[in-house]
Amino acid sequence: MARQLIDLSMPVHNDMITFPRVVRPALVMYETWQGFAERIGAAKYGVDSLTAHYLVVIGDHIGTHMDALRHLREDAPGPEAIPLEFCYGDGVCLDFRHLPKGAGICVNDMKEALAKINYTLKPLDIVLIHTGAGKIQDSEKYLTDHVGMTGQATHWLLDQGVKMTGIDAVTYDPPIWAMFERKQFWEAHRVMMTREYYHLENLTNLDRLPPFGFTLSLFPVKWVNSTAAPVRAVAILDGDQDGAR
C-alpha cells in the first residue's frame, strides 16, 4: 500500500506567533513576474512574464527549526555540523496533553508515557513530545498554554541513547511564566552545554501520528555558524497505518 506523508511543520508567514524577543519574519515581494521580464530584457521580445522573487528576512528560531549546540555554547558549531544520521529514523510520539499548563515533564512522566504505549526506547529513536500546543499556534495562548521538558527528563532520554527530540510548542522547556515561577530557567536547553543532543521546536500535527512505528525525516538547512536552522519535518507512515489518534 502507498505510504502516507504527514507534514509536521509550522507555516511561516509575516503575522505568525513567535517566541518573545524573536522577531517575526518578513516575506516581501522583491520582483514581480512582469518586473523581472521587463528588467532582464525579455519583455521587448514578447516574453512579458518570467520568474518572481521574494526577499525573505528570517531568524534562525522561526517556525519549525532545530537547535544546534551553538545555541548554548559559543565555541560549538552550528547546524552545518548536526549529524545527518540523527535526523532520520524511527519516531516515537509521547502524549503529555493530560499534564497541567506550565508543567515540567519529569522522568516518571516519561516512563509512564512509554508504559502506556508498551514501548521501550532504543538508541537513535527520535522522540516527539506531544503537548497539544500545535493546535493553538495562531493564538497568543501558544506562548503560555503548554508543558515542557525538564533537565532531568532530557538527561534520561539521552541515557537511553536518544539524540534527537522535538516538541509541538514554542520552546522545549516549560513556558516563560512557569520557569520564572519556579526560578528554573531553560534547564532542558542547558543540557546541551554538557551533552550532545538536538531538539526541534514548533512542530505541529502530532495528533495525527501513532505512538510509534513511523519514520521521521527532519533535515535542517545547512546554515553555517547560526544557532538553529529551519526544518521541513515529515513523518512517513506505511500505507496500512492509521495516523489519527
# chains A, B, ... in the order shown; residues from 1 in each chain; ligands from 1
>>> select_by_dssp(residues="segment 33-240 of chain A", states="strand (DSSP E or B)", output="PyMOL selection string")
chain A and resi 53-57+65-67+88-95+104-105+126-130+148-149+164-167+198-201+203+212-217+220+228-231+234-237
>>> write_last_selection(atoms="N, CA and C atoms", output="tab-separated table (two decimals), in the first residue's frame")
chain	number	residue	atom	x	y	z
A	53	HIS	N	10.44	36.89	-7.52
A	53	HIS	CA	11.37	36.66	-6.42
A	53	HIS	C	10.87	37.36	-5.17
A	54	TYR	N	11.07	36.69	-4.03
A	54	TYR	CA	10.77	37.27	-2.73
A	54	TYR	C	12.07	37.56	-1.99
A	55	LEU	N	12.04	38.60	-1.20
A	55	LEU	CA	13.10	38.85	-0.24
A	55	LEU	C	12.60	38.33	1.10
A	56	VAL	N	13.33	37.39	1.69
A	56	VAL	CA	12.90	36.75	2.94
A	56	VAL	C	13.94	37.06	4.02
A	57	VAL	N	13.49	37.75	5.06
A	57	VAL	CA	14.33	38.04	6.22
A	57	VAL	C	13.79	37.22	7.39
A	65	HIS	N	12.06	24.47	13.62
A	65	HIS	CA	13.51	24.58	13.49
A	65	HIS	C	14.21	23.63	14.45
A	66	MET	N	15.48	23.41	14.18
A	66	MET	CA	16.31	22.53	15.01
A	66	MET	C	17.41	23.36	15.67
A	67	ASP	N	17.51	23.26	16.99
A	67	ASP	CA	18.56	23.97	17.71
A	67	ASP	C	19.88	23.24	17.58
A	88	TYR	N	17.09	11.31	10.75
A	88	TYR	CA	16.21	10.39	10.00
A	88	TYR	C	16.19	9.07	10.75
A	89	GLY	N	15.00	8.64	11.15
A	89	GLY	CA	14.94	7.38	11.87
A	89	GLY	C	13.57	7.09	12.44
A	90	ASP	N	13.53	6.10	13.30
A	90	ASP	CA	12.27	5.66	13.89
A	90	ASP	C	11.75	6.70	14.88
A	91	GLY	N	10.46	7.01	14.74
A	91	GLY	CA	9.84	8.01	15.59
A	91	GLY	C	9.00	7.40	16.69
A	92	VAL	N	8.96	8.09	17.82
A	92	VAL	CA	8.10	7.73	18.95
A	92	VAL	C	7.41	9.02	19.40
A	93	CYS	N	6.09	8.99	19.53
A	93	CYS	CA	5.34	10.17	19.93
A	93	CYS	C	4.70	9.93	21.29
A	94	LEU	N	5.14	10.71	22.28
A	94	LEU	CA	4.67	10.54	23.65
A	94	LEU	C	3.68	11.66	23.98
A	95	ASP	N	2.55	11.27	24.56
A	95	ASP	CA	1.43	12.19	24.79
A	95	ASP	C	1.45	12.72	26.23
A	104	GLY	N	6.45	20.83	34.13
A	104	GLY	CA	7.70	20.32	33.61
A	104	GLY	C	7.63	18.80	33.56
A	105	ILE	N	7.86	18.23	32.39
A	105	ILE	CA	7.78	16.78	32.21
A	105	ILE	C	8.98	16.14	32.92
A	126	ILE	N	13.87	8.78	17.63
A	126	ILE	CA	13.57	10.21	17.65
A	126	ILE	C	12.27	10.39	18.43
A	127	VAL	N	12.33	11.08	19.55
A	127	VAL	CA	11.20	11.18	20.46
A	127	VAL	C	10.51	12.53	20.31
A	128	LEU	N	9.20	12.49	20.02
A	128	LEU	CA	8.40	13.70	19.89
A	128	LEU	C	7.56	13.89	21.15
A	129	ILE	N	7.53	15.12	21.65
A	129	ILE	CA	6.80	15.46	22.86
A	129	ILE	C	5.50	16.15	22.46
A	130	HIS	N	4.37	15.46	22.68
A	130	HIS	CA	3.07	15.97	22.27
A	130	HIS	C	2.42	16.72	23.43
A	148	GLY	N	6.49	21.52	29.14
A	148	GLY	CA	7.82	21.42	28.55
A	148	GLY	C	8.69	20.44	29.31
A	149	MET	N	9.84	20.20	28.76
A	149	MET	CA	10.75	19.22	29.33
A	149	MET	C	11.57	19.80	30.49
A	164	MET	N	17.93	12.89	19.26
A	164	MET	CA	17.08	13.90	18.64
A	164	MET	C	15.68	13.82	19.23
A	165	THR	N	15.16	14.96	19.63
A	165	THR	CA	13.80	15.04	20.14
A	165	THR	C	13.12	16.26	19.52
A	166	GLY	N	11.82	16.38	19.76
A	166	GLY	CA	11.10	17.53	19.23
A	166	GLY	C	9.83	17.76	20.01
A	167	ILE	N	9.28	18.96	19.90
A	167	ILE	CA	8.09	19.33	20.67
A	167	ILE	C	7.17	20.21	19.83
A	198	TYR	N	20.03	17.19	20.18
A	198	TYR	CA	19.39	18.23	19.39
A	198	TYR	C	17.88	18.12	19.55
A	199	HIS	N	17.20	19.25	19.48
A	199	HIS	CA	15.75	19.20	19.53
A	199	HIS	C	15.13	20.19	18.54
A	200	LEU	N	13.89	19.86	18.16
A	200	LEU	CA	13.10	20.73	17.30
A	200	LEU	C	12.02	21.40	18.14
A	201	GLU	N	11.64	22.59	17.72
A	201	GLU	CA	10.53	23.31	18.33
A	201	GLU	C	9.54	23.71	17.24
A	203	LEU	N	6.78	22.14	16.22
A	203	LEU	CA	6.18	21.08	15.40
A	203	LEU	C	4.66	21.21	15.45
A	212	PHE	N	4.10	4.93	17.79
A	212	PHE	CA	5.39	4.52	17.23
A	212	PHE	C	5.11	3.76	15.94
A	213	GLY	N	6.18	3.31	15.28
A	213	GLY	CA	6.01	2.57	14.04
A	213	GLY	C	6.01	3.44	12.80
A	214	PHE	N	6.60	4.64	12.91
A	214	PHE	CA	6.70	5.54	11.77
A	214	PHE	C	8.14	6.05	11.67
A	215	THR	N	8.45	6.65	10.54
A	215	THR	CA	9.79	7.18	10.29
A	215	THR	C	9.72	8.70	10.24
A	216	LEU	N	10.76	9.35	10.73
A	216	LEU	CA	10.82	10.81	10.70
A	216	LEU	C	11.97	11.29	9.83
A	217	SER	N	11.68	12.31	9.02
A	217	SER	CA	12.68	13.00	8.21
A	217	SER	C	12.74	14.44	8.69
A	220	PRO	N	17.83	19.66	8.78
A	220	PRO	CA	17.91	21.12	8.86
A	220	PRO	C	18.63	21.71	7.64
A	228	ALA	N	20.56	27.83	15.03
A	228	ALA	CA	19.48	26.89	14.68
A	228	ALA	C	19.27	27.00	13.18
A	229	ALA	N	18.40	26.14	12.66
A	229	ALA	CA	18.09	26.19	11.23
A	229	ALA	C	16.69	25.63	10.98
A	230	PRO	N	16.01	26.14	9.95
A	230	PRO	CA	14.67	25.64	9.63
A	230	PRO	C	14.68	24.18	9.20
A	231	VAL	N	13.57	23.50	9.48
A	231	VAL	CA	13.41	22.10	9.12
A	231	VAL	C	12.02	21.91	8.50
A	234	VAL	N	8.77	15.88	8.42
A	234	VAL	CA	7.80	14.99	7.79
A	234	VAL	C	7.83	13.63	8.48
A	235	ALA	N	6.64	13.10	8.77
A	235	ALA	CA	6.50	11.73	9.26
A	235	ALA	C	6.09	10.84	8.11
A	236	ILE	N	6.68	9.66	8.03
A	236	ILE	CA	6.42	8.71	6.96
A	236	ILE	C	5.79	7.48	7.57
A	237	LEU	N	4.56	7.20	7.16
A	237	LEU	CA	3.81	6.05	7.69
A	237	LEU	C	3.57	5.05	6.58
>>> residues_around(residues="Asp168 of chain A", least_positions_apart="2", cutoff="6 Å", atoms="only C-alpha atoms", output="list in words")
Ala133, Gly134, Asn202, Leu203 and Thr204 of chain A
>>> write_last_selection(atoms="C-alpha atoms", output="PDB file, in the first residue's frame")
ATOM      1  CA  ALA A 133       0.047  23.314  21.704  1.00  0.00           C
ATOM      2  CA  GLY A 134       0.352  22.601  17.989  1.00  0.00           C
ATOM      3  CA  ASN A 202       7.245  24.460  16.766  1.00  0.00           C
ATOM      4  CA  LEU A 203       6.183  21.084  15.405  1.00  0.00           C
ATOM      5  CA  THR A 204       2.518  20.508  14.589  1.00  0.00           C
TER       6      THR A 204
END
>>> select_by_dssp(residues="segment 120-243 of chain A", states="alpha helix (DSSP H)", output="PyMOL selection string")
chain A and resi 151-159+176-182
>>> residues_around(residues="segment 38-40 of chain A", least_positions_apart="6", cutoff="12 Å", atoms="only C-alpha atoms", output="tab-separated table (two decimals) with C-alpha atoms, in the first residue's frame")
chain	number	residue	atom	x	y	z
A	31	GLU	CA	10.48	41.48	-8.08
A	32	THR	CA	7.25	40.50	-9.83
A	46	GLY	CA	7.27	39.25	-26.31
A	47	VAL	CA	8.06	37.31	-23.13
A	48	ASP	CA	6.40	39.60	-20.61
A	49	SER	CA	6.12	37.25	-17.60
A	50	LEU	CA	9.01	35.23	-16.17
A	51	THR	CA	10.19	34.43	-12.64
A	52	ALA	CA	9.19	36.29	-9.49
>>> closest_residue(among="A:Ile58, A:Thr64, A:Val221, A:Asp75", to="Asn14 of chain A", atoms="only C-alpha atoms")
A:Ile58
>>> closest_residue(among="A:Lys141, A:Lys135, A:His61, A:His146", to="Pro174 of chain A", atoms="only C-alpha atoms")
A:His146
>>> closest_atom_pairs(of="segment 101-209 of chain A", to="segment 1-5 of chain A", cutoff="12 Å", atoms="only C-alpha atoms", output="JSON lines")
{"residue": "A:Asn205", "atom": "CA", "partner": "A:Leu5", "partner_atom": "CA", "distance": 11.5}
{"residue": "A:Arg208", "atom": "CA", "partner": "A:Leu5", "partner_atom": "CA", "distance": 10.6}
{"residue": "A:Leu209", "atom": "CA", "partner": "A:Leu5", "partner_atom": "CA", "distance": 10.4}
>>> write_last_selection(atoms="C-alpha atoms", output="mmCIF file, in the first residue's frame")
data_model
loop_
_atom_site.group_PDB
_atom_site.id
_atom_site.type_symbol
_atom_site.label_atom_id
_atom_site.label_comp_id
_atom_site.auth_asym_id
_atom_site.auth_seq_id
_atom_site.Cartn_x
_atom_site.Cartn_y
_atom_site.Cartn_z
ATOM 1 C CA ASN A 205 0.082 17.724 13.658
ATOM 2 C CA ARG A 208 -2.086 12.607 13.509
ATOM 3 C CA LEU A 209 0.725 10.235 14.498
#
>>> closest_residue(among="A:Ala233, A:Lys122, A:Lys222, A:Phe96", to="Glu80 of chain A", atoms="only C-alpha atoms")
A:Lys222
>>> residues_around(residues="Phe185 of chain A", least_positions_apart="6", cutoff="10 Å", atoms="only C-alpha atoms", output="PyMOL selection string")
chain A and resi 150-151+173-176+178-179
>>> closest_residue(among="A:Glu181, A:Lys44, A:Ile62, A:His98", to="Met16 of chain A", atoms="only C-alpha atoms")
A:Ile62
>>> atom_distance(atom1="atom CA of Tyr197 of chain A", atom2="atom CA of Pro210 of chain A")
23.9 Å
>>> closest_residue(among="A:Gly59, A:Pro123, A:Pro100, A:Pro211", to="Asp159 of chain A", atoms="only C-alpha atoms")
A:Pro123
>>> closest_residue(among="A:Glu140, A:Trp33, A:Leu157, A:Phe219", to="Glu85 of chain A", atoms="only C-alpha atoms")
A:Phe219
